[in-house]
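Text of entry_29.txt, listed as compact mmCIF, C-alpha atoms:
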# COMPACT_ATOMS: atom_id res chain seq x y z
CA MET A 13 -103.88 14.74 71.25
CA THR A 14 -100.38 15.02 69.96
CA GLY A 15 -98.99 13.56 66.75
CA PRO A 16 -96.23 10.97 66.50
CA THR A 17 -92.88 11.96 68.00
CA ARG A 18 -90.32 12.81 65.32
CA ARG A 19 -86.95 11.12 65.70
CA ARG A 20 -84.22 13.69 66.25
CA ARG A 21 -81.71 13.78 63.44
CA MET A 22 -78.19 12.84 64.53
CA PRO A 23 -75.51 15.50 63.82
CA ARG A 24 -73.31 14.58 60.87
CA ALA A 25 -70.09 14.27 62.89
CA GLN A 26 -71.77 11.99 65.41
CA ARG A 27 -73.28 9.85 62.65
CA GLU A 28 -69.91 9.58 60.90
CA GLN A 29 -68.25 8.47 64.13
CA GLN A 30 -70.95 5.84 64.63
CA MET A 31 -70.34 4.54 61.11
CA LEU A 32 -66.60 4.34 61.71
CA GLU A 33 -67.00 2.46 64.98
CA VAL A 34 -69.34 -0.12 63.45
CA ALA A 35 -67.24 -0.46 60.29
CA GLU A 36 -64.08 -1.06 62.33
CA VAL A 37 -65.81 -3.94 64.13
CA VAL A 38 -67.10 -5.48 60.89
CA PHE A 39 -63.75 -5.15 59.08
CA ALA A 40 -61.98 -6.73 62.05
CA GLU A 41 -64.51 -9.57 62.27
CA ARG A 42 -64.86 -10.36 58.57
CA GLY A 43 -61.77 -8.96 56.87
CA PHE A 44 -61.97 -6.33 54.15
CA ALA A 45 -62.89 -8.70 51.32
CA ALA A 46 -65.78 -10.37 53.15
CA ALA A 47 -67.15 -7.27 54.87
CA SER A 48 -70.18 -5.81 53.12
CA MET A 49 -71.52 -2.28 53.05
CA ASP A 50 -74.99 -3.78 53.46
CA GLU A 51 -74.07 -5.31 56.81
CA ILE A 52 -72.33 -2.17 58.02
CA ALA A 53 -75.31 -0.02 57.06
CA GLU A 54 -77.71 -2.42 58.76
CA ARG A 55 -75.71 -2.45 62.00
CA VAL A 56 -75.49 1.34 62.00
CA GLY A 57 -79.18 1.69 61.17
CA VAL A 58 -78.73 3.76 58.01
CA SER A 59 -79.18 3.14 54.31
CA LYS A 60 -76.31 1.88 52.18
CA PRO A 61 -76.52 5.00 49.97
CA MET A 62 -75.87 7.11 53.09
CA LEU A 63 -72.66 5.15 53.74
CA TYR A 64 -71.56 5.89 50.19
CA GLU A 65 -72.50 9.54 50.61
CA TYR A 66 -70.11 9.78 53.56
CA PHE A 67 -67.22 7.59 52.37
CA HIS A 68 -67.76 7.01 48.60
CA SER A 69 -66.64 3.35 48.63
CA LYS A 70 -65.81 0.41 50.90
CA GLU A 71 -62.13 1.21 50.45
CA GLY A 72 -62.82 4.82 51.42
CA LEU A 73 -64.57 3.63 54.58
CA LEU A 74 -61.66 1.36 55.50
CA LEU A 75 -59.14 4.14 54.93
CA ALA A 76 -61.22 6.45 57.15
CA CYS A 77 -61.15 3.80 59.89
CA VAL A 78 -57.40 3.49 59.48
CA ALA A 79 -56.92 7.26 59.62
CA GLN A 80 -58.85 7.37 62.88
CA ALA A 81 -56.83 4.50 64.40
CA ARG A 82 -53.60 6.17 63.28
CA ALA A 83 -54.64 9.47 64.88
CA GLU A 84 -55.45 7.68 68.14
CA LEU A 85 -52.09 5.89 68.10
CA ARG A 86 -50.26 9.16 67.52
CA GLU A 87 -52.17 10.85 70.34
CA VAL A 88 -51.47 8.16 72.93
CA THR A 89 -47.79 7.81 72.08
CA GLU A 90 -47.15 11.56 71.97
CA ARG A 91 -48.99 12.05 75.25
CA ALA A 92 -46.97 9.23 76.83
CA VAL A 93 -43.61 10.89 76.17
CA GLU A 94 -44.62 14.40 77.25
CA GLY A 95 -42.58 15.57 80.19
CA CYS A 96 -39.99 12.79 79.98
CA THR A 97 -36.55 14.05 80.92
CA ASP A 98 -34.26 11.28 79.69
CA ALA A 99 -34.02 8.96 76.71
CA ARG A 100 -34.67 5.71 78.59
CA THR A 101 -37.86 6.95 80.26
CA ALA A 102 -39.13 8.45 77.01
CA LEU A 103 -38.51 5.26 75.05
CA ARG A 104 -40.10 3.06 77.71
CA SER A 105 -43.15 5.33 77.98
CA GLY A 106 -43.62 5.45 74.21
CA LEU A 107 -43.22 1.69 73.82
CA ARG A 108 -45.68 0.96 76.62
CA ALA A 109 -48.27 3.30 75.07
CA PHE A 110 -47.88 1.45 71.77
CA PHE A 111 -48.30 -2.00 73.33
CA VAL A 112 -51.31 -0.84 75.36
CA PHE A 113 -52.88 0.47 72.14
CA ALA A 114 -52.23 -2.83 70.37
CA ARG A 115 -53.85 -4.75 73.25
CA GLU A 116 -56.77 -2.47 74.10
CA ARG A 117 -57.60 -1.30 70.57
CA ARG A 118 -57.21 -4.68 68.92
CA GLN A 119 -59.72 -3.95 66.17
CA GLY A 120 -57.99 -0.71 65.21
CA TRP A 121 -54.57 -2.36 65.43
CA SER A 122 -55.86 -5.24 63.28
CA LEU A 123 -56.86 -2.79 60.56
CA LEU A 124 -53.49 -1.07 60.67
CA ARG A 125 -51.52 -4.27 60.31
CA HIS A 126 -53.77 -6.65 58.33
CA GLU A 127 -56.23 -5.09 55.96
CA LEU A 128 -54.25 -2.38 54.22
CA ALA A 129 -52.06 -4.84 52.36
CA LEU A 130 -55.13 -6.20 50.60
CA ILE A 131 -56.50 -3.18 48.79
CA GLY A 132 -53.84 -1.57 46.66
CA THR A 133 -51.62 1.46 46.40
CA SER A 134 -53.61 3.98 48.43
CA ALA A 135 -53.80 1.51 51.30
CA SER A 136 -50.08 0.76 51.13
CA GLU A 137 -49.44 4.48 51.37
CA ALA A 138 -51.72 4.71 54.41
CA LEU A 139 -49.88 1.85 56.11
CA GLU A 140 -46.52 3.44 55.39
CA ALA A 141 -47.85 6.77 56.72
CA THR A 142 -48.65 5.05 60.02
CA ARG A 143 -45.13 3.64 60.27
CA ARG A 144 -43.62 6.97 59.28
CA GLN A 145 -45.65 8.70 61.98
CA GLN A 146 -44.12 6.43 64.60
CA THR A 147 -40.56 6.55 63.24
CA ASP A 148 -40.73 10.36 63.10
CA LEU A 149 -41.74 10.45 66.77
CA ILE A 150 -38.89 8.08 67.77
CA ALA A 151 -36.37 10.04 65.68
CA ARG A 152 -37.47 13.32 67.30
CA LEU A 153 -37.03 11.81 70.74
CA MET A 154 -33.58 10.52 69.87
CA ALA A 155 -32.56 13.89 68.48
CA GLN A 156 -33.43 15.43 71.86
CA TYR A 157 -31.65 12.89 74.01
CA PHE A 158 -28.79 11.49 71.94
CA ASP A 159 -25.31 12.96 71.78
CA ALA A 160 -24.44 15.49 69.12
CA GLY A 161 -22.38 12.97 67.17
CA ALA A 162 -25.47 10.97 66.22
CA GLY A 163 -26.17 12.02 62.65
CA ALA A 164 -29.57 12.11 60.96
CA LEU A 165 -28.93 8.85 59.14
CA LEU A 166 -28.18 6.99 62.36
CA LEU A 167 -31.23 8.47 64.09
CA ASP A 168 -33.46 7.49 61.19
CA ALA A 169 -32.08 3.95 61.06
CA ALA A 170 -32.48 3.52 64.83
CA ALA A 171 -36.08 4.76 64.67
CA GLU A 172 -36.88 2.29 61.88
CA LEU A 173 -35.42 -0.54 63.93
CA VAL A 174 -37.42 0.40 67.05
CA VAL A 175 -40.70 0.70 65.15
CA GLY A 176 -40.16 -2.45 63.09
CA ALA A 177 -39.19 -4.50 66.14
CA SER A 178 -42.13 -3.16 68.16
CA GLU A 179 -44.59 -3.96 65.39
CA ARG A 180 -43.36 -7.54 65.13
CA LEU A 181 -43.37 -7.95 68.91
CA ALA A 182 -46.97 -6.69 69.07
CA ILE A 183 -47.94 -9.28 66.46
CA TRP A 184 -46.15 -11.98 68.48
CA CYS A 185 -48.04 -10.85 71.60
CA GLU A 186 -51.32 -11.68 69.86
CA GLN A 187 -50.33 -15.36 70.00
CA HIS A 188 -49.19 -15.01 73.63
CA ASP A 189 -52.06 -13.51 75.58
CA GLU A 190 -50.11 -13.87 78.82
CA VAL A 191 -47.65 -11.22 77.58
CA THR A 192 -49.06 -7.99 79.00
CA PRO A 193 -48.17 -4.54 77.65
CA ASP A 194 -45.86 -4.07 80.63
CA LEU A 195 -44.06 -7.34 79.95
CA ALA A 196 -43.83 -6.55 76.22
CA THR A 197 -42.29 -3.20 77.15
CA ASP A 198 -39.75 -4.90 79.43
CA LEU A 199 -38.80 -7.35 76.68
CA ALA A 200 -38.45 -4.60 74.08
CA MET A 201 -36.33 -2.45 76.39
CA GLU A 202 -34.08 -5.38 77.31
CA ILE A 203 -33.38 -6.02 73.62
CA LEU A 204 -33.31 -2.49 72.23
CA TRP A 205 -31.97 -0.26 74.97
CA PRO A 206 -28.39 -1.60 75.33
CA GLY A 207 -27.54 -0.50 71.80
CA LEU A 208 -29.39 2.80 72.04
CA ALA A 209 -27.83 3.61 75.42
CA LEU A 210 -24.43 3.94 73.77
CA ARG A 211 -25.68 7.10 72.09
CA ALA A 212 -27.83 8.52 74.89
CA GLN A 213 -26.57 11.59 76.69

Translate this structure into structure tokens?
Amino acid sequence: MTGPTRRRRMPRAQREQQMLEVAEVVFAERGFAAASMDEIAERVGVSKPMLYEYFHSKEGLLLACVAQARAELREVTERAVEGCTDARTALRSGLRAFFVFARERRQGWSLLRHELALIGTSASEALEATRRQQTDLIARLMAQYFDAGAGALLLDAAAELVVGASERLAIWCEQHDEVTPDLATDLAMEILWPGLALRAQ
């Protein structure tokens, strides 16, 4: 006769990922202020002290969720522009990857754009880091494809305009479910590309 089967302990990295996935859902559903560590712990199936052991605070857990969403956004946009041979194709591919992320990863996108403004300086820095990540990518692309007369200041300003416009368009798309990522990309290109084309090689 054998004794009771012992439950296999989940590896730390796998447990942490599970916590992040559940927390992202709860933060998106409830908002940062209303979300509770008790509910997150219960949904994960762990104790609340274990959540604190991993992330130290509710703010720390939110920032970890944001860091993961930001890493995913960087990965999909950088992958999208790999191998592009001209400025127009690179911009279109990067924009489409962004709009697909905003549509398909709505909970992660919601955290990036909504919750960080609510929890103070460290969160504001995290939000700005996300924007900077995207503007740096756009500026690097422009440096590759724009003519030599385009100075760093112009490239930086153009990148800020592209990222800011794309962010606002993605927010607008949330109220217009019929606007697919492909249509959002077409709209963005129609508005942004004519000005950028003047500097493209």

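For the pair atom CA of A:Arg91 and atom CA of A:Phe113, the separation is 12.6 Å.
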
Task: Near-A:Glu172 list (12 Å; all atoms listed in the file; drop same-chain fewer than 3 positions) as a ChimeraX atom specification - done: /A:140,143-151,154,165-169,175-179,204

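Picture a line from atom CA of A:Gly106 to atom CA of A:Glu90; it runs 7.4 Å.
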
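The space between atom CA of A:Leu63 and atom CA of A:Arg115 spans 28.9 Å.
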
Task: Which residue of A:Lys70, A:Ala155, A:Phe39, A:Met62 approaches A:Ala171 most closely, using all atoms listed in the file - done: A:Ala155

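Of the residues listed (A:Val34, A:Ala45, A:Ala81, A:Ala102), A:Ala102 shows the shortest atom-to-atom separation from A:Phe158; distances use all atoms listed in the file.
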
Can you pull out the residues contacting stretch 181-184 of chain A? Cut-off 7 Å, using only C-alpha atoms, and skip same-chain residues under 4 positions away; I want them as a CSV table (one decimal) with C-alpha atoms, keeping the file's coordinate frame.
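Written file, around-v2.csv:
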chain,number,residue,atom,x,y,z
A,111,PHE,CA,-48.3,-2.0,73.3
A,114,ALA,CA,-52.2,-2.8,70.4
A,177,ALA,CA,-39.2,-4.5,66.1
A,188,HIS,CA,-49.2,-15.0,73.6

Open item on the list: When you look at A:Gly120 with a cut-off of 10 Å (counting only C-alpha atoms), what residues show up, excluding the ones that are within fewer than 6 positions of it in the same chain? I need them as a ChimeraX atom specification.
Closed with: /A:33,36-37,39-40,77-82,84-85,113-114

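Proximity to A:Arg118 was assessed for A:Leu153, A:Val88, A:Glu41, A:Ala83 counting only C-alpha atoms; the smallest distance is recorded for A:Glu41.
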
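With all atoms listed in the file as the atoms that count, the residue of A:Val174, A:Tyr157, A:Glu71, A:Val112 with the shortest distance to A:Asp98 is A:Tyr157.
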